[in-house]
Every structure is written in C-alpha cells, then in structure tokens.
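Visitor: What follows is data_20.cif, made up of mmCIF, C-alpha atoms:
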data_input
loop_
_atom_site.label_atom_id
_atom_site.label_comp_id
_atom_site.auth_asym_id
_atom_site.auth_seq_id
_atom_site.Cartn_x
_atom_site.Cartn_y
_atom_site.Cartn_z
CA MET A 1 -7.58 -30.43 -67.54
CA ALA A 2 -9.50 -31.91 -64.62
CA ILE A 3 -10.92 -30.06 -61.64
CA ASN A 4 -9.55 -30.90 -58.20
CA LEU A 5 -12.39 -30.69 -55.67
CA GLU A 6 -9.97 -30.02 -52.83
CA LEU A 7 -9.37 -26.28 -52.57
CA PRO A 8 -5.69 -25.24 -52.70
CA LYS A 9 -3.98 -24.16 -49.51
CA LYS A 10 -3.46 -20.64 -50.84
CA PHE A 11 -7.17 -20.03 -50.13
CA ASP A 12 -6.90 -20.98 -46.44
CA SER A 13 -6.30 -17.38 -45.37
CA THR A 14 -9.28 -16.20 -47.43
CA VAL A 15 -11.57 -18.74 -45.77
CA GLU A 16 -10.29 -17.88 -42.30
CA ARG A 17 -10.44 -14.11 -42.75
CA THR A 18 -13.88 -13.97 -44.35
CA HIS A 19 -15.41 -16.42 -41.91
CA LEU A 20 -14.08 -14.43 -38.95
CA ALA A 21 -15.63 -11.28 -40.44
CA ALA A 22 -18.94 -13.09 -40.92
CA GLU A 23 -18.91 -14.45 -37.37
CA HIS A 24 -17.66 -11.43 -35.44
CA ILE A 25 -18.84 -8.47 -37.54
CA PHE A 26 -21.88 -9.60 -39.55
CA ARG A 27 -23.72 -11.95 -37.18
CA PRO A 28 -23.75 -9.56 -34.17
CA ILE A 29 -25.32 -6.72 -36.22
CA SER A 30 -27.44 -8.85 -38.54
CA ARG A 31 -30.75 -8.28 -36.75
CA LYS A 32 -29.93 -4.63 -36.06
CA TYR A 33 -29.74 -3.65 -39.73
CA ASP A 34 -32.59 -5.93 -40.71
CA LYS A 35 -34.76 -3.72 -38.52
CA ALA A 36 -33.04 -0.45 -39.49
CA GLU A 37 -33.67 -0.69 -43.24
CA HIS A 38 -31.82 1.93 -45.35
CA GLU A 39 -29.49 2.82 -42.47
CA TYR A 40 -25.88 2.49 -43.60
CA PRO A 41 -23.90 -0.15 -41.62
CA VAL A 42 -20.97 1.99 -40.50
CA GLU A 43 -19.29 -1.11 -39.05
CA LEU A 44 -18.42 -2.11 -42.62
CA ASP A 45 -16.07 0.81 -43.27
CA ASP A 46 -13.13 -0.76 -41.44
CA LEU A 47 -13.91 -4.13 -43.02
CA ALA A 48 -13.76 -2.53 -46.48
CA LYS A 49 -10.27 -1.17 -45.74
CA LEU A 50 -9.07 -4.59 -44.62
CA ALA A 51 -10.65 -6.21 -47.69
CA LYS A 52 -8.82 -3.79 -49.97
CA GLN A 53 -5.50 -4.61 -48.32
CA GLY A 54 -6.31 -8.30 -48.57
CA ARG A 55 -7.04 -8.09 -52.30
CA GLY A 56 -3.56 -6.72 -52.92
CA SER A 57 -1.87 -9.59 -51.11
CA GLU A 58 -4.20 -12.11 -52.78
CA LYS A 59 -3.21 -10.92 -56.25
CA SER A 60 0.42 -11.43 -55.33
CA ALA A 61 -0.32 -14.88 -53.95
CA ASP A 62 -2.24 -15.88 -57.08
CA ALA A 63 0.60 -14.69 -59.28
CA SER A 64 3.34 -16.48 -57.36
CA SER A 65 1.59 -19.63 -56.21
CA GLY A 66 2.49 -22.84 -57.99
CA ASP A 67 0.06 -25.20 -56.22
CA ASP A 68 -2.53 -25.25 -58.99
CA GLY A 69 -0.74 -27.67 -61.28
CA PRO A 70 -2.09 -27.82 -64.84
CA SER A 71 -5.27 -25.90 -63.93
CA VAL A 72 -5.84 -22.52 -62.35
CA ASN A 73 -7.71 -21.42 -59.25
CA GLY A 74 -7.78 -17.64 -59.35
CA ALA A 75 -9.95 -14.59 -58.83
CA ASN A 76 -13.25 -16.29 -59.64
CA MET A 77 -12.68 -19.11 -57.17
CA ARG A 78 -11.46 -16.73 -54.49
CA GLY A 79 -14.51 -14.49 -54.99
CA LEU A 80 -16.73 -17.54 -54.70
CA ILE A 81 -15.19 -18.57 -51.39
CA SER A 82 -15.42 -15.05 -49.97
CA ALA A 83 -19.09 -14.75 -50.95
CA LEU A 84 -19.88 -18.13 -49.42
CA GLU A 85 -18.23 -17.45 -46.07
CA MET A 86 -19.59 -13.92 -45.69
CA SER A 87 -23.12 -14.95 -46.67
CA TRP A 88 -22.97 -17.46 -43.84
CA GLY A 89 -22.93 -14.29 -41.73
CA ASP A 90 -25.37 -12.00 -43.59
CA VAL A 91 -26.14 -11.62 -47.30
CA GLY A 92 -27.43 -8.05 -47.01
CA LEU A 93 -24.30 -6.89 -45.20
CA LEU A 94 -22.10 -8.61 -47.78
CA LEU A 95 -23.87 -6.62 -50.50
CA SER A 96 -23.19 -3.43 -48.53
CA ILE A 97 -19.40 -3.69 -48.28
CA PRO A 98 -17.87 -0.63 -49.97
CA GLY A 99 -15.91 -1.48 -53.10
CA GLN A 100 -17.48 -4.89 -53.68
CA GLY A 101 -20.58 -4.13 -55.76
CA LEU A 102 -22.03 -6.28 -58.53
CA GLY A 103 -20.84 -3.62 -60.97
CA ASN A 104 -17.26 -4.39 -59.96
CA ALA A 105 -17.77 -7.93 -61.25
CA ALA A 106 -19.01 -6.48 -64.55
CA ILE A 107 -15.90 -4.34 -64.85
CA ALA A 108 -13.70 -7.34 -64.10
CA ALA A 109 -15.51 -9.38 -66.76
CA VAL A 110 -15.32 -7.09 -69.79
CA ALA A 111 -13.06 -4.06 -69.10
CA ASN A 112 -9.82 -3.59 -71.01
CA PRO A 113 -6.51 -3.29 -69.09
CA GLU A 114 -6.64 0.52 -69.03
CA GLN A 115 -10.19 0.48 -67.64
CA LEU A 116 -9.30 -2.18 -65.08
CA GLU A 117 -6.59 0.12 -63.77
CA ARG A 118 -8.72 3.27 -63.92
CA PHE A 119 -11.69 1.72 -62.14
CA SER A 120 -9.70 -0.40 -59.69
CA ASP A 121 -10.76 1.61 -56.64
CA VAL A 122 -14.39 2.37 -57.46
CA TRP A 123 -17.49 0.95 -55.76
CA ALA A 124 -19.77 0.09 -58.66
CA ALA A 125 -23.44 -0.87 -58.52
CA MET A 126 -25.10 -2.67 -61.45
CA ALA A 127 -28.10 -1.16 -63.30
CA ILE A 128 -29.84 -3.52 -65.73
CA THR A 129 -33.53 -3.96 -64.89
CA GLU A 130 -36.09 -1.37 -66.02
CA PRO A 131 -39.77 -0.74 -65.20
CA SER A 132 -40.80 -2.33 -68.51
CA PHE A 133 -38.99 -5.65 -68.03
CA GLY A 134 -37.60 -8.00 -65.42
CA SER A 135 -35.27 -10.82 -66.46
CA ASP A 136 -35.34 -10.18 -70.22
CA SER A 137 -32.05 -8.30 -70.45
CA ALA A 138 -32.42 -7.93 -74.22
CA ALA A 139 -35.36 -5.56 -73.66
CA VAL A 140 -33.14 -2.70 -72.45
CA SER A 141 -34.61 0.65 -73.55
CA THR A 142 -32.24 3.02 -71.75
CA THR A 143 -30.32 4.84 -74.51
CA ALA A 144 -26.73 5.97 -74.90
CA THR A 145 -26.41 8.53 -77.70
CA ARG A 146 -23.00 9.48 -79.05
CA ASP A 147 -22.23 13.20 -78.69
CA GLY A 148 -18.67 14.02 -79.71
CA ASP A 149 -16.29 12.31 -77.31
CA ASP A 150 -19.11 11.43 -74.92
CA TYR A 151 -22.33 9.47 -74.64
CA LEU A 152 -25.60 10.92 -73.30
CA ILE A 153 -27.49 8.35 -71.25
CA ASN A 154 -31.26 8.55 -70.76
CA GLY A 155 -33.56 6.12 -68.98
CA GLU A 156 -34.59 4.65 -65.64
CA LYS A 157 -33.24 1.62 -63.83
CA ILE A 158 -34.91 -0.22 -60.95
CA PHE A 159 -33.74 -2.71 -58.31
CA VAL A 160 -30.17 -1.38 -58.30
CA THR A 161 -28.34 -3.03 -55.41
CA ALA A 162 -26.19 -0.48 -53.51
CA GLY A 163 -27.57 2.16 -55.88
CA SER A 164 -27.59 4.98 -53.35
CA ARG A 165 -24.30 4.05 -51.69
CA ALA A 166 -21.94 3.13 -54.54
CA ASP A 167 -19.85 5.90 -56.13
CA HIS A 168 -20.25 4.45 -59.66
CA VAL A 169 -22.87 2.43 -61.49
CA VAL A 170 -22.49 0.11 -64.48
CA VAL A 171 -25.43 0.91 -66.76
CA TRP A 172 -26.75 -1.26 -69.58
CA ALA A 173 -27.96 0.92 -72.45
CA THR A 174 -28.56 0.60 -76.18
CA ILE A 175 -26.56 2.68 -78.62
CA ASP A 176 -28.97 1.92 -81.48
CA LYS A 177 -32.52 0.70 -80.79
CA SER A 178 -33.06 -0.32 -84.42
CA VAL A 179 -30.36 -2.99 -84.25
CA GLY A 180 -31.72 -4.86 -81.23
CA ARG A 181 -29.70 -6.69 -78.61
CA ALA A 182 -26.40 -6.37 -80.48
CA ALA A 183 -26.39 -2.63 -79.68
CA ILE A 184 -26.64 -3.09 -75.90
CA LYS A 185 -23.47 -1.94 -74.16
CA SER A 186 -22.44 -1.33 -70.56
CA PHE A 187 -21.12 2.02 -69.31
CA VAL A 188 -19.35 2.97 -66.09
CA VAL A 189 -21.10 6.10 -64.82
CA PRO A 190 -19.97 8.12 -61.77
CA MET A 191 -22.93 8.76 -59.45
CA THR A 192 -21.84 12.41 -59.22
CA THR A 193 -22.53 12.87 -62.95
CA GLU A 194 -25.02 15.66 -63.68
CA GLY A 195 -28.33 14.12 -64.68
CA VAL A 196 -27.94 11.03 -62.46
CA SER A 197 -30.36 10.89 -59.54
CA VAL A 198 -31.65 8.35 -57.02
CA ALA A 199 -35.44 8.51 -57.32
CA ARG A 200 -36.26 6.29 -54.35
CA LEU A 201 -35.20 3.36 -52.17
CA GLU A 202 -37.27 0.17 -52.13
CA HIS A 203 -38.72 -1.47 -49.02
CA LYS A 204 -38.02 -5.18 -49.29
CA LEU A 205 -38.86 -8.63 -47.97
CA GLY A 206 -35.24 -9.45 -47.17
CA ILE A 207 -31.60 -8.33 -47.38
CA LYS A 208 -32.74 -5.09 -45.74
CA ALA A 209 -29.22 -4.11 -44.74
CA SER A 210 -28.57 -3.59 -48.47
CA ASP A 211 -30.11 -0.59 -50.21
CA THR A 212 -32.04 -1.17 -53.44
CA ALA A 213 -32.56 1.97 -55.52
CA VAL A 214 -34.34 3.40 -58.53
CA ILE A 215 -31.90 5.52 -60.57
CA ARG A 216 -32.81 7.98 -63.30
CA PHE A 217 -30.53 9.17 -66.09
CA GLU A 218 -31.42 12.44 -67.82
CA ASN A 219 -28.82 13.42 -70.44
CA ALA A 220 -26.11 12.04 -68.18
CA ARG A 221 -22.86 12.73 -70.02
CA VAL A 222 -20.07 10.14 -69.72
CA PRO A 223 -16.78 9.85 -71.66
CA ALA A 224 -16.80 7.40 -74.56
CA ASP A 225 -13.92 5.48 -72.98
CA ASN A 226 -16.23 4.58 -70.07
CA LEU A 227 -17.95 2.10 -72.42
CA LEU A 228 -16.87 -1.41 -71.39
CA GLY A 229 -15.77 -3.66 -74.22
CA SER A 230 -15.99 -2.79 -77.90
CA PRO A 231 -18.10 0.18 -79.05
CA GLU A 232 -18.70 -1.59 -82.37
CA ILE A 233 -22.06 -3.24 -83.06
CA ASP A 234 -21.45 -6.88 -83.95
CA THR A 235 -24.75 -8.49 -84.94
CA LYS A 236 -23.14 -11.94 -85.10
CA LYS A 237 -21.88 -11.74 -81.53
CA ALA A 238 -25.17 -10.14 -80.37
CA PHE A 239 -24.62 -8.82 -76.86
CA GLY A 240 -22.34 -11.58 -75.69
CA GLY A 241 -19.88 -9.04 -74.30
CA VAL A 242 -22.23 -7.61 -71.71
CA MET A 243 -23.81 -11.01 -71.07
CA GLN A 244 -20.38 -12.33 -70.13
CA THR A 245 -20.89 -10.39 -66.91
CA PHE A 246 -23.45 -12.97 -65.83
CA ASP A 247 -20.99 -15.82 -66.36
CA ASN A 248 -18.94 -14.24 -63.57
CA THR A 249 -21.69 -13.02 -61.25
CA ARG A 250 -24.12 -15.95 -61.33
CA PRO A 251 -21.69 -18.36 -59.61
CA VAL A 252 -21.03 -15.66 -56.99
CA VAL A 253 -24.76 -15.33 -56.30
CA ALA A 254 -24.93 -19.13 -56.15
CA ALA A 255 -22.13 -19.01 -53.57
CA MET A 256 -24.17 -16.54 -51.52
CA ALA A 257 -27.01 -19.05 -51.54
CA ILE A 258 -24.65 -21.85 -50.51
CA GLY A 259 -23.26 -19.81 -47.60
CA LEU A 260 -26.75 -18.93 -46.35
CA GLY A 261 -27.89 -22.51 -46.87
CA ARG A 262 -24.98 -23.80 -44.79
CA ALA A 263 -25.92 -21.44 -41.96
CA ALA A 264 -29.50 -22.75 -41.97
CA LEU A 265 -28.36 -26.37 -42.12
CA GLU A 266 -26.05 -25.87 -39.15
CA GLU A 267 -28.90 -24.38 -37.12
CA LEU A 268 -31.24 -27.15 -38.24
CA ARG A 269 -28.69 -29.77 -37.17
CA ARG A 270 -28.35 -28.09 -33.78
CA MET A 271 -32.12 -28.12 -33.27
CA LEU A 272 -32.39 -31.79 -34.23
CA GLU A 273 -29.59 -32.87 -31.94
CA GLU A 274 -30.98 -30.73 -29.12
CA ALA A 275 -34.29 -32.57 -29.57
CA GLY A 276 -32.47 -35.91 -29.29
CA HIS A 277 -32.50 -36.84 -32.98
CA GLU A 278 -29.03 -38.07 -33.90
CA ILE A 279 -27.95 -37.89 -37.56
CA ASP A 280 -26.37 -41.24 -38.42
CA TYR A 281 -24.76 -41.40 -41.86
CA ASP A 282 -24.06 -45.12 -41.45
CA ARG A 283 -27.79 -45.89 -41.51
CA THR A 284 -30.23 -45.42 -44.34
CA ALA A 285 -32.21 -42.18 -44.18
CA ALA A 286 -35.50 -44.12 -44.34
CA SER A 287 -34.70 -45.95 -41.09
CA GLN A 288 -34.22 -42.71 -39.11
CA HIS A 289 -36.56 -40.06 -37.73
CA ALA A 290 -38.49 -38.28 -40.50
CA THR A 291 -36.85 -34.91 -39.79
CA VAL A 292 -33.41 -36.52 -39.84
CA ALA A 293 -34.18 -38.11 -43.21
CA GLU A 294 -35.30 -34.70 -44.47
CA PHE A 295 -32.10 -33.11 -43.17
CA ILE A 296 -29.95 -35.68 -44.99
CA ARG A 297 -31.86 -35.02 -48.22
CA LEU A 298 -31.44 -31.25 -47.90
CA GLU A 299 -27.76 -31.64 -47.10
CA SER A 300 -27.24 -33.71 -50.26
CA GLU A 301 -29.03 -31.03 -52.33
CA TRP A 302 -26.76 -28.43 -50.75
CA GLU A 303 -23.68 -30.48 -51.63
CA ALA A 304 -24.85 -30.75 -55.25
CA SER A 305 -25.27 -26.96 -55.35
CA TRP A 306 -21.74 -26.48 -54.08
CA LEU A 307 -20.27 -28.82 -56.70
CA HIS A 308 -22.18 -27.09 -59.52
CA THR A 309 -20.89 -23.72 -58.36
CA LEU A 310 -17.34 -24.92 -57.84
CA ARG A 311 -17.28 -26.16 -61.43
CA ALA A 312 -18.60 -22.88 -62.88
CA ALA A 313 -15.98 -20.78 -61.08
CA TRP A 314 -13.17 -23.19 -61.97
CA MET A 315 -14.15 -23.04 -65.64
CA ALA A 316 -14.09 -19.23 -65.56
CA ASP A 317 -10.61 -19.22 -64.02
CA ASN A 318 -9.42 -21.66 -66.70
CA LYS A 319 -10.86 -19.59 -69.57
CA GLN A 320 -13.46 -22.20 -70.46
CA PRO A 321 -16.92 -21.07 -71.67
CA ASN A 322 -19.18 -21.50 -68.64
CA SER A 323 -22.51 -19.87 -69.48
CA THR A 324 -24.41 -23.16 -69.11
CA GLU A 325 -22.63 -24.11 -65.90
CA ALA A 326 -23.06 -20.61 -64.44
CA SER A 327 -26.81 -20.84 -64.99
CA MET A 328 -26.89 -24.38 -63.61
CA SER A 329 -25.14 -23.26 -60.43
CA LYS A 330 -27.46 -20.28 -59.98
CA ALA A 331 -30.62 -22.32 -60.64
CA LYS A 332 -29.63 -25.19 -58.35
CA ALA A 333 -28.33 -23.07 -55.47
CA GLY A 334 -31.20 -20.57 -55.61
CA ARG A 335 -33.84 -23.28 -55.49
CA THR A 336 -32.01 -25.24 -52.80
CA VAL A 337 -31.44 -22.36 -50.37
CA THR A 338 -35.11 -21.37 -50.36
CA GLU A 339 -36.08 -24.97 -49.66
CA ILE A 340 -33.53 -25.32 -46.86
CA THR A 341 -34.42 -22.07 -45.10
CA ASN A 342 -38.16 -22.63 -45.35
CA LYS A 343 -37.81 -26.17 -44.06
CA ALA A 344 -35.69 -24.88 -41.16
CA VAL A 345 -38.46 -22.43 -40.25
CA GLU A 346 -41.02 -25.24 -40.47
CA ILE A 347 -39.05 -27.64 -38.27
CA GLY A 348 -38.06 -24.85 -35.90
CA ALA A 349 -41.74 -24.19 -35.22
CA THR A 350 -42.13 -21.29 -32.77
CA ALA A 351 -38.39 -20.57 -32.70
CA GLY A 352 -38.23 -20.68 -36.46
CA PHE A 353 -41.09 -18.23 -37.00
CA SER A 354 -40.15 -15.75 -34.30
CA GLU A 355 -37.24 -13.32 -34.00
CA THR A 356 -35.58 -15.33 -31.23
CA SER A 357 -33.21 -16.77 -33.84
CA LEU A 358 -32.15 -15.77 -37.34
CA LEU A 359 -34.11 -18.52 -39.09
CA GLU A 360 -37.05 -16.38 -40.18
CA LYS A 361 -34.67 -13.68 -41.42
CA TRP A 362 -32.68 -16.20 -43.41
CA ALA A 363 -35.88 -17.47 -45.00
CA ARG A 364 -36.73 -13.91 -46.10
CA ASP A 365 -33.17 -13.19 -47.27
CA SER A 366 -32.93 -16.42 -49.28
CA LYS A 367 -35.73 -15.60 -51.72
CA ILE A 368 -33.81 -12.87 -53.54
CA LEU A 369 -31.01 -15.36 -54.25
CA ASP A 370 -33.43 -17.29 -56.44
CA ILE A 371 -34.47 -14.09 -58.25
CA PHE A 372 -31.72 -11.57 -58.93
CA GLU A 373 -29.06 -12.13 -61.60
CA GLY A 374 -31.80 -14.02 -63.50
CA THR A 375 -34.80 -15.83 -62.04
CA GLN A 376 -35.13 -19.59 -61.67
CA GLN A 377 -37.27 -19.69 -64.81
CA ILE A 378 -34.74 -17.71 -66.86
CA GLN A 379 -31.88 -19.98 -65.77
CA GLN A 380 -33.81 -23.07 -66.79
CA LEU A 381 -34.60 -21.47 -70.15
CA ILE A 382 -30.92 -20.66 -70.74
CA ILE A 383 -29.89 -24.21 -69.81
CA ALA A 384 -32.54 -25.70 -72.10
CA ARG A 385 -31.36 -23.56 -75.02
CA ARG A 386 -27.75 -24.65 -74.50
CA VAL A 387 -28.54 -28.33 -74.06
CA LEU A 388 -30.91 -28.45 -77.05
CA GLY A 389 -28.84 -26.15 -79.24
CA LYS A 390 -31.68 -23.66 -79.64
CA SER A 391 -31.45 -19.90 -80.04
CA SER A 392 -33.44 -17.36 -78.01
CA ALA A 393 -35.72 -16.97 -81.04
CA ASP A 394 -36.33 -20.73 -81.18
CA LEU A 395 -37.01 -21.27 -77.49
CA ARG A 396 -38.69 -18.59 -75.41
#
Could you express the structure from this file as structure tokens?

Guide:
Amino acid sequence: MAINLELPKKFDSTVERTHLAAEHIFRPISRKYDKAEHEYPVELDDLAKLAKQGRGSEKSADASSGDDGPSVNGANMRGLISALEMSWGDVGLLLSIPGQGLGNAAIAAVANPEQLERFSDVWAAMAITEPSFGSDSAAVSTTATRDGDDYLINGEKIFVTAGSRADHVVVWATIDKSVGRAAIKSFVVPMTTEGVSVARLEHKLGIKASDTAVIRFENARVPADNLLGSPEIDTKKAFGGVMQTFDNTRPVVAAMAIGLGRAALEELRRMLEEAGHEIDYDRTAASQHATVAEFIRLESEWEASWLHTLRAAWMADNKQPNSTEASMSKAKAGRTVTEITNKAVEIGATAGFSETSLLEKWARDSKILDIFEGTQQIQQLIIARRVLGKSSADLR
C-alpha cells in the first residue's frame, strides 16, 4: 500500500467546518481567555454539541465512503485534520472543547468494544506525569490495588490537561510495583469518584485557556472493567498496551503544532509583503532579501513536519506499527513550530513582542507542543532506539 498525499474529498467538510470554528469562534476570543486564565470558555459549549453531531455523520461517511482505494483514511487522519485547523485558531481553546480530551484518544487506542460504547460520551483527561518524574512514563508510582471487583487507586498526578473540567480521567497506575513497567495499566476514573480531588490549577506560560491540574487519588474505588486493555501482566509485551496511546496522540499533538505554525507563517508572510518584500519561488532563496530567504526555509521545515505527521496518521489508520513515525512527527513538528513562532516575533519587532497581534501569544503557546506527550529529547531517544534496534535498557 502507498500513501496518497492528496487528502480524500470526504474530508472537505471537516476542513471547512473546523476552520470556520477556528476563524469565527476561537480567534475572536483568543486574547480574552489568554488573559482570563482558568476561566471556562463558555463559547465552546455550543461548539461541543456541533462537534458531537459531526462525529456521528463522519463515522457514517467513513463507513460508506469508497474513495480510499486500497488504503484507508479514517479516524486518525480526520482527527489530525481537525486538530490542525482548530490549532490555527487557538491551541488552548482546542484543548478545552468538552468531549475531546487527550484521555478520549487513550480510550480509542486501547479500549475493547464494550468500553468504547460505554465511554463514548465522556470527556476524559489524561493523567500520566507525577511529581517524581517527567517524560519517563515507566516510572509511574501511582498504584491500583485489586479489591474484589474493584481497584483502589492511590497517588498524585500533575500537569493534567482539562483536569478540573473533564468528567473522567484516564489514569496510569501500576498493579504490581515489583514487576516494573509490565504492570502499568490505564484506568478510566469518573471525576465524581470518592477520593478523587483537584489539588490545584497551574499558572502557565501559554495555552492559558486550557486548565492544567494536579489531581490526587486517595483510595479511589473504580470497577475492574474500567481497566483499559488486558488486566494480565505480560512481561514480554511490557507496557506496550498503554504506550500505544502515544502512537495515536503524538501525531495529533504534531498536527496542533502544524496548525499553529501555519498561522504564524501566514502572519509572517503578511508582514513581509506589507514591508515590500515579495516571496518569489522562481528565484533562489539566496538571491532574495534575507528575511524572505528565512521565510522560505521555515516554510520548507513546516512542509516536512506536515508530511511526517501525515504519514504517522495514515499508518495508524492502515493498522501499521507507527511508533517510530509518531515520534518523528512529534519531534519534527514540535521543534519547527517553536522556531517559526520565535522567528515571527523576532521579525515582527515591536508588533511581534507586543499584544497588538497574536504573535507573542503564539510563541508562548508553541513551547508546550514541544514538551507534552513526550519532550523533544524523549522523542529523539525513542527514534534512536528504533533505528538502532536498541532496548530502553541498552540506550537511555
């Protein structure tokens, strides 16, 4: 099977709908909620209802469409496109849409059919990171202890996106510390569960429209069938089941970076043309104004990011292992968006550093896209292990 780089027509409505939402809902309130950190964007409630209706029609379209040929463009590709277009409007607001949390991607990645149905209408945050570790997911110390037909969860999670707003949270916990990473499982926990509490909300550099919470679990009792995937400890498979979540979410985060990067490039192009610097693709970059040459370079890096991400999502839709490609897309897009937004601020000078435009906000928002779902360094480590055929024990 070969990937077709031209998106199928069945996605046209997704592109149009999500871009209109980004342009007419997100952009007008972007600065408002950047300044009103922790205030819930009520304008998103109606958007969430429309998104839910749209997902139903999209599933029908995916099931009936025959324009894919021998390969498939499905939920992963559609999610990628939606994230890209809406992040063109505002990344923080995208992360605040009810029903579209990072935990929902985890459920989609590893839940069984019964769980997919049962959790189809939840808004799920994702709780992985703890005070004792950052990107080393294998260091999870939150415990899930079997008690009859339930599990008791104990521990603390930090940097939980939408942690105070979502109605459920997907928690990574170990069911047996002595076994190591193979015992790490993910659990869907209702936020109304006794013993679950939001300890505090973080004040952040960027994506201020999105809440980021610290959540504590003190003997939080959840049914055993809320464990995603197999409850068995398979030391040969390690914790590949829960890690599969990242194969789905990393390309989505890369798409967020690509959407934000496109917004910054468009504004940078406008500033250059307004200053009288025409971008001529028929001439070599070296023969044009220095800022034009820099723009062309950044645009080519952006295009490479998009192609990396397109490939990772396509592989997921076609049931091909994509861990390496997912990390490549995340690493490339995360690094590129920070470079683009910072360069736009630099070239924009006074306008770029002030609040007269969104450039300085985009520069602040972009940094998290190079950090969460695995930092730049972690992605490069994962890629190196895969390329060299090394294990995590061999290459740290």

Visitor: To one decimal place in Å, what is the distance between atom CA of Ala304 of chain A and atom CA of Gln288 of chain A?

Guide: 22.2 Å

Visitor: Carefully work through the PyMOL selection byres ((chain A and resi 73) around 8) for this structure and note down the residues it includes, as a CSV table (one decimal) with C-alpha atoms, in the coordinates of the input.

Guide:
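The file below, expr00.csv, is the result:
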chain,number,residue,atom,x,y,z
A,8,PRO,CA,-5.7,-25.2,-52.7
A,68,ASP,CA,-2.5,-25.2,-59.0
A,71,SER,CA,-5.3,-25.9,-63.9
A,72,VAL,CA,-5.8,-22.5,-62.4
A,74,GLY,CA,-7.8,-17.6,-59.4
A,75,ALA,CA,-10.0,-14.6,-58.8
A,76,ASN,CA,-13.2,-16.3,-59.6
A,77,MET,CA,-12.7,-19.1,-57.2
A,78,ARG,CA,-11.5,-16.7,-54.5
A,314,TRP,CA,-13.2,-23.2,-62.0
A,317,ASP,CA,-10.6,-19.2,-64.0
A,318,ASN,CA,-9.4,-21.7,-66.7

Visitor: Using all atoms listed in the file, find each residue in segment 159-215 of chain A having at least one atom no more than 7 Å away from segment 111-132 of chain A; report its shortest atom-to-atom pair and that distance in Å (one decimal), rows by chain then rising number, as a tab-separated table.

Guide:
residue	atom	partner	partner_atom	distance
A:Phe159	CA	A:Thr129	CA	6.7
A:Val160	CA	A:Ala127	CA	5.4
A:Thr161	CA	A:Ala125	CA	6.2
A:Ala162	CA	A:Ala125	CA	5.7
A:Gly163	CA	A:Ala125	CA	5.8
A:Ala166	CA	A:Trp123	CA	5.1
A:Asp167	CA	A:Trp123	CA	5.5
A:His168	CA	A:Ala124	CA	4.5
A:Val169	CA	A:Ala125	CA	4.5
A:Val170	CA	A:Met126	CA	4.9
A:Val171	CA	A:Ala127	CA	4.8
A:Trp172	CA	A:Ile128	CA	5.4

Visitor: Give me, as a tab-separated table, each residue of segment 70-153 of chain A that comes within 10 Å of segment 50-54 of chain A, together with its shortest interatomic pair and the distance in Å at one decimal, counting only C-alpha atoms, with rows ordered by chain and rising residue number.

Guide:
residue	atom	partner	partner_atom	distance
A:Ile97	CA	A:Ala51	CA	9.1
A:Pro98	CA	A:Ala51	CA	9.4
A:Gly99	CA	A:Lys52	CA	8.1
A:Gln100	CA	A:Ala51	CA	9.2
A:Asp121	CA	A:Lys52	CA	8.8

Visitor: Taking only C-alpha atoms into account, which of A:Asn322, A:Ser82, A:Ala173, A:Arg269 comes nearest Ala22 of chain A?

Guide: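 Among the listed residues, A:Ser82 lies closest to Ala22 of chain A.
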
Visitor: Applying the PyMOL selection byres ((chain A and resi 144) around 10) to the file I just gave you, which residues come out? Please list them as a list in words.

Guide: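 On this input, the PyMOL selection byres ((chain A and resi 144) around 10) captures Ser141, Thr142, Thr143, Thr145, Arg146, Asp147, Asp150, Tyr151, Leu152, Ile153, Asn154, Gly155, Val171, Trp172, Ala173, Thr174, Ile175, Asp176, Lys177, Ala183, Ile184, Lys185, Ser186, Phe187, Asn219, Ala220, Arg221, Val222 and Leu227 of chain A.
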
Visitor: Set the distance at 9 Å and use only C-alpha atoms: which residues neighbour segment 351-365 of chain A once local chain neighbours fewer than 5 positions away are removed? I'd like the list as a ChimeraX atom specification.

Guide: /A:30-31,34,90-92,205-208,260-261,263-264,267,337-346

Visitor: Using only C-alpha atoms, which of A:Asp370, A:Glu85, A:Glu274, A:Glu156 sits nearest Gly259 of chain A?

Guide: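 When distances to Gly259 of chain A are compared using only C-alpha atoms, the smallest one comes from A:Glu85.
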
Visitor: Find the residue from A:Ala349, A:Ile383, A:Ala313, A:Ala2 that sits nearest to Ser327 of chain A; use only C-alpha atoms when measuring.

Guide: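 Nearest candidate to Ser327 of chain A out of A:Ala349, A:Ile383, A:Ala313, A:Ala2: A:Ile383.
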